[in-house]
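Engineer: mmCIF, C-alpha atoms, file entry_34.cif:
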data_coords
loop_
_atom_site.label_atom_id
_atom_site.label_comp_id
_atom_site.auth_asym_id
_atom_site.auth_seq_id
_atom_site.Cartn_x
_atom_site.Cartn_y
_atom_site.Cartn_z
CA MET A 590 127.75 -86.30 -118.06
CA MET A 591 127.29 -88.61 -121.06
CA PRO A 592 129.84 -91.21 -119.82
CA LEU A 593 128.16 -91.17 -116.40
CA MET A 594 124.73 -91.77 -117.92
CA GLY A 595 126.14 -94.48 -120.16
CA ALA A 596 127.54 -96.26 -117.10
CA LEU A 597 124.18 -95.99 -115.33
CA VAL A 598 122.38 -97.51 -118.30
CA ALA A 599 124.88 -100.31 -118.89
CA LYS A 600 125.73 -101.30 -115.33
CA GLY A 601 122.94 -99.89 -113.20
CA THR A 602 125.43 -98.75 -110.56
CA VAL A 603 127.94 -95.94 -110.25
CA SER A 604 130.41 -94.92 -107.54
CA MET A 605 130.26 -91.26 -106.59
CA THR A 606 132.44 -89.14 -104.33
CA VAL A 607 130.47 -86.66 -102.25
CA ALA A 608 131.23 -84.19 -99.48
CA ALA A 609 129.74 -85.14 -96.12
CA ALA A 610 128.45 -82.70 -93.51
CA SER A 611 131.70 -83.06 -91.56
CA GLU A 612 133.59 -81.77 -94.61
CA SER A 613 135.03 -85.23 -95.18
CA ILE A 614 134.92 -86.91 -98.57
CA ILE A 615 133.11 -90.22 -98.79
CA THR A 616 132.52 -92.61 -101.68
CA THR A 617 129.03 -93.99 -102.12
CA GLU A 618 127.58 -96.40 -104.64
CA VAL A 619 124.30 -95.53 -106.32
CA THR A 620 122.22 -98.43 -107.60
CA LEU A 621 119.28 -97.87 -109.91
CA SER A 622 116.19 -100.01 -110.33
CA GLN A 623 115.33 -101.32 -113.78
CA GLU A 624 112.63 -98.68 -114.16
CA GLN A 625 115.14 -95.95 -113.30
CA ARG A 626 117.66 -97.34 -115.78
CA ILE A 627 114.99 -97.21 -118.49
CA LYS A 628 114.32 -93.55 -117.64
CA VAL A 629 118.05 -92.79 -117.82
CA THR A 630 118.14 -94.52 -121.22
CA GLU A 631 115.41 -92.19 -122.51
CA ALA A 632 117.37 -89.18 -121.27
CA LEU A 633 120.59 -90.46 -122.85
CA MET A 634 118.88 -90.96 -126.22
CA PHE A 635 117.58 -87.39 -126.02
CA MET A 636 121.13 -86.14 -125.39
CA ILE A 637 122.46 -88.12 -128.36
CA ARG A 638 119.77 -86.67 -130.63
CA ARG A 639 120.82 -83.16 -129.64
CA ARG A 640 124.18 -83.99 -131.23
CA GLY A 641 126.43 -81.68 -129.26
CA HIS A 642 130.17 -81.96 -129.74
CA GLY A 643 130.21 -84.35 -126.81
CA ILE A 644 128.66 -87.12 -128.88
CA PHE A 645 131.70 -87.23 -131.17
CA ILE A 646 134.04 -87.28 -128.19
CA HIS A 647 132.17 -89.86 -126.12
CA GLY A 648 130.40 -91.80 -128.91
CA PRO A 649 132.89 -94.72 -129.20
CA PHE A 650 133.05 -94.99 -125.39
CA LEU A 651 129.25 -95.16 -125.20
CA LEU A 652 129.16 -97.82 -127.92
CA ASP A 653 131.64 -99.91 -125.96
CA MET A 654 129.52 -99.49 -122.83
CA MET A 655 126.29 -100.49 -124.55
CA LEU A 656 127.76 -103.46 -126.45
CA PHE A 657 130.23 -104.94 -123.99
CA SER A 658 129.42 -103.72 -120.47
CA PRO A 659 125.68 -104.18 -119.80
CA LYS A 660 124.85 -105.74 -116.46
CA GLN A 661 123.09 -109.01 -117.15
CA VAL A 662 119.35 -108.92 -116.62
CA GLN A 663 117.08 -111.91 -116.44
CA GLY A 664 114.72 -112.00 -119.39
CA SER A 665 111.26 -113.45 -119.12
CA ASN A 666 112.26 -116.47 -121.23
CA GLY A 667 108.65 -117.54 -121.42
CA LYS A 668 108.36 -118.02 -117.62
CA VAL A 669 104.84 -116.64 -117.49
CA SER A 670 101.84 -118.58 -116.27
CA SER A 671 99.07 -119.34 -118.75
CA ARG A 672 96.66 -117.23 -116.69
CA HIS A 673 99.06 -114.26 -116.76
CA SER A 674 99.68 -114.79 -120.46
CA HIS A 675 95.93 -114.71 -121.15
CA MET A 676 95.65 -111.49 -119.14
CA ILE A 677 98.45 -109.89 -121.19
CA GLN A 678 96.78 -110.90 -124.45
CA SER A 679 93.39 -109.63 -123.29
CA GLN A 680 94.69 -106.24 -122.11
CA THR A 681 96.83 -105.79 -125.22
CA HIS A 682 93.81 -106.54 -127.40
CA SER A 683 91.74 -103.99 -125.48
CA TYR A 684 94.57 -101.47 -125.76
CA PHE A 685 94.51 -101.60 -129.55
CA ILE A 686 90.77 -101.79 -130.23
CA GLY A 687 89.49 -99.82 -127.22
CA LEU A 688 87.87 -101.06 -124.05
CA ASP A 689 84.41 -101.11 -125.54
CA GLY A 690 85.44 -102.61 -128.89
CA ASP A 691 83.75 -99.70 -130.64
CA ASP A 692 84.47 -99.59 -134.38
CA SER A 693 83.59 -95.92 -134.64
CA ASP A 694 84.89 -94.01 -137.66
CA ASN A 695 85.34 -90.87 -135.57
CA GLU A 696 88.55 -89.10 -136.65
CA ASP A 697 89.80 -88.69 -133.09
CA GLU A 698 89.24 -92.39 -132.39
CA ILE A 699 91.05 -93.40 -135.58
CA GLU A 700 93.99 -91.15 -134.75
CA GLU A 701 94.16 -92.54 -131.22
CA ARG A 702 94.26 -96.10 -132.56
CA LYS A 703 97.12 -95.16 -134.89
CA ILE A 704 99.06 -93.77 -131.95
CA ARG A 705 98.41 -96.90 -129.93
CA LEU A 706 99.55 -99.10 -132.81
CA ASN A 707 102.78 -97.14 -133.21
CA THR A 708 103.62 -97.54 -129.52
CA GLY A 709 103.73 -101.30 -129.95
CA GLY A 710 101.33 -102.05 -127.12
CA PRO A 711 101.51 -101.73 -123.33
CA VAL A 712 104.49 -102.97 -121.32
CA PHE A 713 103.83 -105.33 -118.39
CA ASP A 714 105.95 -105.97 -115.30
CA THR A 715 107.09 -109.31 -116.70
CA GLU A 716 108.47 -107.47 -119.75
CA GLU A 717 110.51 -104.91 -117.80
CA ASP A 718 113.77 -106.85 -118.15
CA ASP A 719 113.20 -107.19 -121.88
CA LEU A 720 112.37 -103.50 -122.15
CA LEU A 721 115.69 -102.60 -120.53
CA ARG A 722 117.59 -104.80 -122.97
CA SER A 723 115.72 -103.28 -125.90
CA ALA A 724 116.43 -99.79 -124.57
CA THR A 725 120.15 -100.54 -124.59
CA ILE A 726 119.91 -101.59 -128.24
CA SER A 727 117.95 -98.40 -128.94
CA VAL A 728 120.85 -96.34 -127.58
CA VAL A 729 123.13 -98.16 -130.04
CA CYS A 730 120.69 -97.25 -132.84
CA GLU A 731 120.90 -93.57 -131.89
CA LEU A 732 124.69 -93.70 -131.82
CA ILE A 733 124.78 -95.33 -135.25
CA ALA A 734 122.68 -92.49 -136.67
CA ALA A 735 124.85 -89.79 -135.07
CA LEU A 736 128.44 -90.98 -135.54
CA ASN A 737 130.76 -91.06 -138.53
CA PRO A 738 130.24 -94.23 -140.63
CA ALA A 739 133.99 -94.91 -140.50
CA VAL A 740 133.69 -95.22 -136.71
CA ILE A 741 130.65 -97.49 -136.88
CA ALA A 742 132.36 -99.68 -139.51
CA THR A 743 134.78 -100.97 -136.87
CA TYR A 744 131.81 -102.23 -134.84
CA CYS A 745 129.98 -103.72 -137.82
CA PRO A 746 130.68 -107.44 -137.05
CA ILE A 747 129.29 -107.20 -133.50
CA LEU A 748 126.32 -105.09 -134.66
CA VAL A 749 125.37 -107.56 -137.38
CA HIS A 750 125.77 -110.47 -134.96
CA LEU A 751 123.58 -108.71 -132.37
CA ALA A 752 120.80 -107.94 -134.85
CA THR A 753 120.88 -111.39 -136.44
CA THR A 754 120.90 -113.27 -133.14
CA ALA A 755 118.11 -111.18 -131.62
CA LEU A 756 115.84 -111.57 -134.65
CA ARG A 757 116.56 -115.27 -134.97
CA LEU A 758 116.40 -116.41 -131.35
CA GLU A 759 114.57 -113.80 -129.27
CA SER A 760 110.90 -114.22 -128.46
CA SER A 761 110.74 -110.91 -126.59
CA ARG A 762 108.56 -108.36 -128.37
CA PRO A 763 110.53 -105.23 -127.32
CA VAL A 764 113.92 -106.79 -128.06
CA ARG A 765 112.88 -107.98 -131.51
CA ARG A 766 111.53 -104.52 -132.32
CA ALA A 767 114.80 -102.89 -131.22
CA ALA A 768 116.77 -105.40 -133.30
CA ALA A 769 114.63 -104.51 -136.31
CA PHE A 770 115.50 -100.84 -135.90
CA LEU A 771 119.16 -101.75 -135.44
CA SER A 772 119.07 -103.59 -138.77
CA SER A 773 117.39 -100.56 -140.29
CA GLY A 774 120.08 -98.28 -138.91
CA ILE A 775 122.89 -100.40 -140.31
CA TYR A 776 121.48 -100.39 -143.85
CA ALA A 777 120.50 -96.71 -143.61
CA LEU A 778 124.07 -95.79 -142.65
CA VAL A 779 125.44 -97.57 -145.72
CA GLU A 780 122.98 -95.66 -147.89
CA LYS A 781 123.82 -92.39 -146.13
CA GLU A 782 127.58 -92.84 -146.58
CA ILE A 783 127.17 -93.55 -150.29
CA THR A 784 124.80 -90.65 -151.00
CA GLU A 785 126.58 -88.16 -148.73
CA SER A 786 130.16 -89.40 -149.06
CA GLY A 787 131.48 -85.87 -149.60
CA SER A 788 130.40 -84.81 -146.12
CA TRP A 789 132.28 -87.67 -144.46
CA ASN A 790 135.38 -88.24 -146.60
CA ASP A 791 136.85 -87.65 -150.02
CA SER A 792 137.05 -91.34 -150.90
CA THR A 793 134.60 -93.07 -153.19
CA THR A 794 134.85 -96.24 -151.07
CA SER A 795 132.10 -96.90 -148.54
CA SER A 796 133.74 -98.18 -145.37
CA MET A 797 130.36 -99.29 -144.00
CA ALA A 798 129.48 -101.24 -147.14
CA VAL A 799 132.83 -103.04 -147.09
CA ALA A 800 132.53 -103.76 -143.36
CA LEU A 801 128.94 -104.96 -143.73
CA MET A 802 129.79 -107.42 -146.48
CA SER A 803 132.72 -108.70 -144.40
CA ALA A 804 130.44 -109.16 -141.38
CA ASP A 805 128.23 -111.82 -142.98
CA GLU A 806 125.53 -109.46 -144.18
CA GLU A 807 123.90 -112.35 -145.99
CA SER A 808 122.86 -113.91 -142.66
CA LEU A 809 121.21 -110.65 -141.60
CA SER A 810 119.46 -110.33 -144.94
CA ASN A 811 118.21 -113.92 -144.74
CA VAL A 812 116.76 -113.55 -141.25
CA LEU A 813 115.04 -110.31 -142.30
CA ARG A 814 113.53 -112.12 -145.28
CA GLN A 815 112.25 -114.86 -142.98
CA CYS A 816 110.67 -112.28 -140.67
CA VAL A 817 108.98 -110.51 -143.58
CA SER A 818 107.71 -113.75 -145.12
CA SER A 819 106.29 -114.83 -141.75
CA ASP A 820 104.36 -111.54 -141.49
CA ASP A 821 106.40 -110.27 -138.53
CA VAL A 822 104.83 -106.89 -137.69
CA ASP A 823 107.99 -105.52 -136.05
CA ILE A 824 109.90 -105.96 -139.31
CA LYS A 825 107.20 -105.25 -141.88
CA LYS A 826 106.40 -101.81 -140.52
CA ASN A 827 110.09 -100.85 -140.74
CA GLU A 828 110.42 -99.36 -144.24
CA THR A 829 114.24 -99.32 -144.34
CA SER A 830 114.52 -102.99 -143.41
CA ASN A 831 111.82 -103.80 -145.96
CA ARG A 832 113.72 -101.94 -148.65
CA ALA A 833 116.93 -103.75 -147.73
CA VAL A 834 115.20 -107.11 -147.99
CA LYS A 835 113.45 -106.40 -151.28
CA GLY A 836 116.42 -104.63 -152.86
#
Mind turning the file's structure into structure tokens?
Structural biologist:
Amino acid sequence: MMPLMGALVAKGTVSMTVAAASESIITTEVTLSQEQRIKVTEALMFMIRRRGHGIFIHGPFLLDMMLFSPKQVQGSNGKVSSRHSHMIQSQTHSYFIGLDGDDSDNEDEIEERKIRLNTGGPVFDTEEDDLLRSATISVVCELIAALNPAVIATYCPILVHLATTALRLESSRPVRRAAAFLSSGIYALVEKEITESGSWNDSTTSSMAVALMSADEESLSNVLRQCVSSDDVDIKKNETSNRAVKG
């Protein structure tokens, strides 16, 4: 099931063999919409978090699917009219402060605002492509947290390149947020392998730390520093990335 869901997320299509009414076997291709692929991504992340034995069997395959097989989607690339952009800004502003702009100190209202802030704001139709790309990166983040560091170490160069490029070049809000969590996951895995080395291997050498330094970690650290210094909310609210930047 996990390989099938990984294929649906990455490619958006899957060929299935089904039995027809005439008892014949036919092959049909199922194509999902972007919204459906996002829903499948959420289900796949839930499965990874359950951490059944399947994740250790299919984890490397899923990583390959997420990193090397995604069907290309067309990002917004700033192709939004000024009128539409103003509407997005206005609705996002109302989402965070409330429709009436009430500054009430009511505990329920304060808690609701915190929840809204943590969601990162509403997602609009023009951001659906970007949300799908960010969801794919989020699956990678879940796999990093679940798999053996020695396995992730072999993917370290591509992971560092992905995080660095997204944070440096992407203007998409969801993609940048996912890249921030990817950076967090990379540093957290190094810390986890060092502090819990006995549970993974008997060696005192951290394979993730060695792989990270060989994968131009300095570039990732520099771009994180730039994001923090420019008051980038997606990075500053991520405590692990902050700790990695500040040492």
Engineer: I need the residue nearest A:Ser723 from this list: A:Lys781, A:His647, A:Arg626, A:His750. Use all atoms listed in the file for the distance.
Structural biologist: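 Looking only at the distances to A:Ser723, the closest residue turns out to be A:Arg626.
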Engineer: Can you tell me which residues surround A:Gly643 at a distance of at most 12 Å, considering all atoms listed in the file, apart from same-chain residues fewer than 3 positions away, and format the answer as a list of chain:residue names?
Structural biologist: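 Answer for this query is A:Met590, A:Met591, A:Pro592, A:Met636, A:Ile637, A:Arg638, A:Arg639, A:Arg640, A:Ile646, A:His647, A:Gly648, A:Pro649, A:Phe650, A:Leu651, A:Leu732, A:Ala735, A:Leu736.
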Engineer: Leaving out A:Ser658 and any residue of its chain fewer than 5 positions from it, which residues lie within 9 Å of it when counting all atoms listed in the file, given as a list in words?
Structural biologist: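 Counting only the stated atoms, we get Ala596, Ala599, Lys600 and Asp653 of chain A.
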Engineer: What does the distance between atom CA of A:Pro763 and atom CA of A:Val728 come to in Å, to one decimal place?
Structural biologist: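 Going from atom CA of A:Pro763 over to atom CA of A:Val728, I get 13.6 Å.
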Engineer: With distances taken over only C-alpha atoms, which of A:Ser604, A:Ser761, A:Asn737, A:Gln815 is nearest to A:Ile644?
Structural biologist: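 Answer, going by the shortest atom-to-atom distance: A:Asn737.
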Engineer: Determine the nearest neighbour of A:Ile747 from the options A:Leu720, A:Ile783, A:Leu801, A:Ala767, counting only C-alpha atoms.
Structural biologist: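 With only C-alpha atoms as the atom set, the closest residue is A:Leu801.
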Engineer: Which of these residues is nearest to A:Leu778, using all atoms listed in the file: A:Leu748, A:Leu809, A:Ile733, A:Val817?
Structural biologist: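 Once distances to A:Leu778 are computed over all atoms listed in the file, the minimum belongs to A:Ile733.
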Engineer: Measure the distance from atom CA of A:Met654 to atom CA of A:Glu785 in Å and round it to one decimal.
Structural biologist: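 Taking atom CA of A:Met654 and atom CA of A:Glu785, their separation equals 28.4 Å.
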Engineer: Give me, please, the distance in Å between atom CA of A:Leu756 and atom CA of A:Glu780, quoted to one decimal.
Structural biologist: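 Interatomic distance here is 21.9 Å.
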Engineer: Using only C-alpha atoms for the distances, tell me which of A:Ala769, A:Val779, A:Leu621, A:Leu751 is nearest to A:Pro738.
Structural biologist: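 Of the candidates, the smallest distance to A:Pro738 is held by A:Val779.
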Engineer: Just so the selection is clear, what residues does the PyMOL selection byres ((chain A and resi 721) around 10) cover here, as a PyMOL selection string?
Structural biologist: chain A and resi 598-599+623-628+630+662+664+716-720+722-727+763-764
Engineer: Which residue is closest to A:Ser810? Choose from A:Ser760, A:Ser613, A:Thr754, A:Ser772 and count all atoms listed in the file.
Structural biologist: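 Of A:Ser760, A:Ser613, A:Thr754, A:Ser772, the one nearest A:Ser810, counting all atoms listed in the file, is A:Ser772.
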Engineer: Using only C-alpha atoms, list the residues that have an atom at most 9 Å from (130.8, -88.8, -105.2), coordinates as in the file, as a list in words.
Structural biologist: Ser604, Met605, Thr606, Val607, Ala608, Ile614, Ile615, Thr616, Thr617 and Glu618 of chain A
Engineer: Could you give me the centre and size, in Å to one decimal, of an axis-aligned box around all listed atoms of stretch 717-732 of chain A with 5 Å added on every side, as AutoDock Vina command-line options?
Structural biologist:
--center_x 117.6 --center_y -100.4 --center_z -125.3 --size_x 24.2 --size_y 23.6 --size_z 25.0
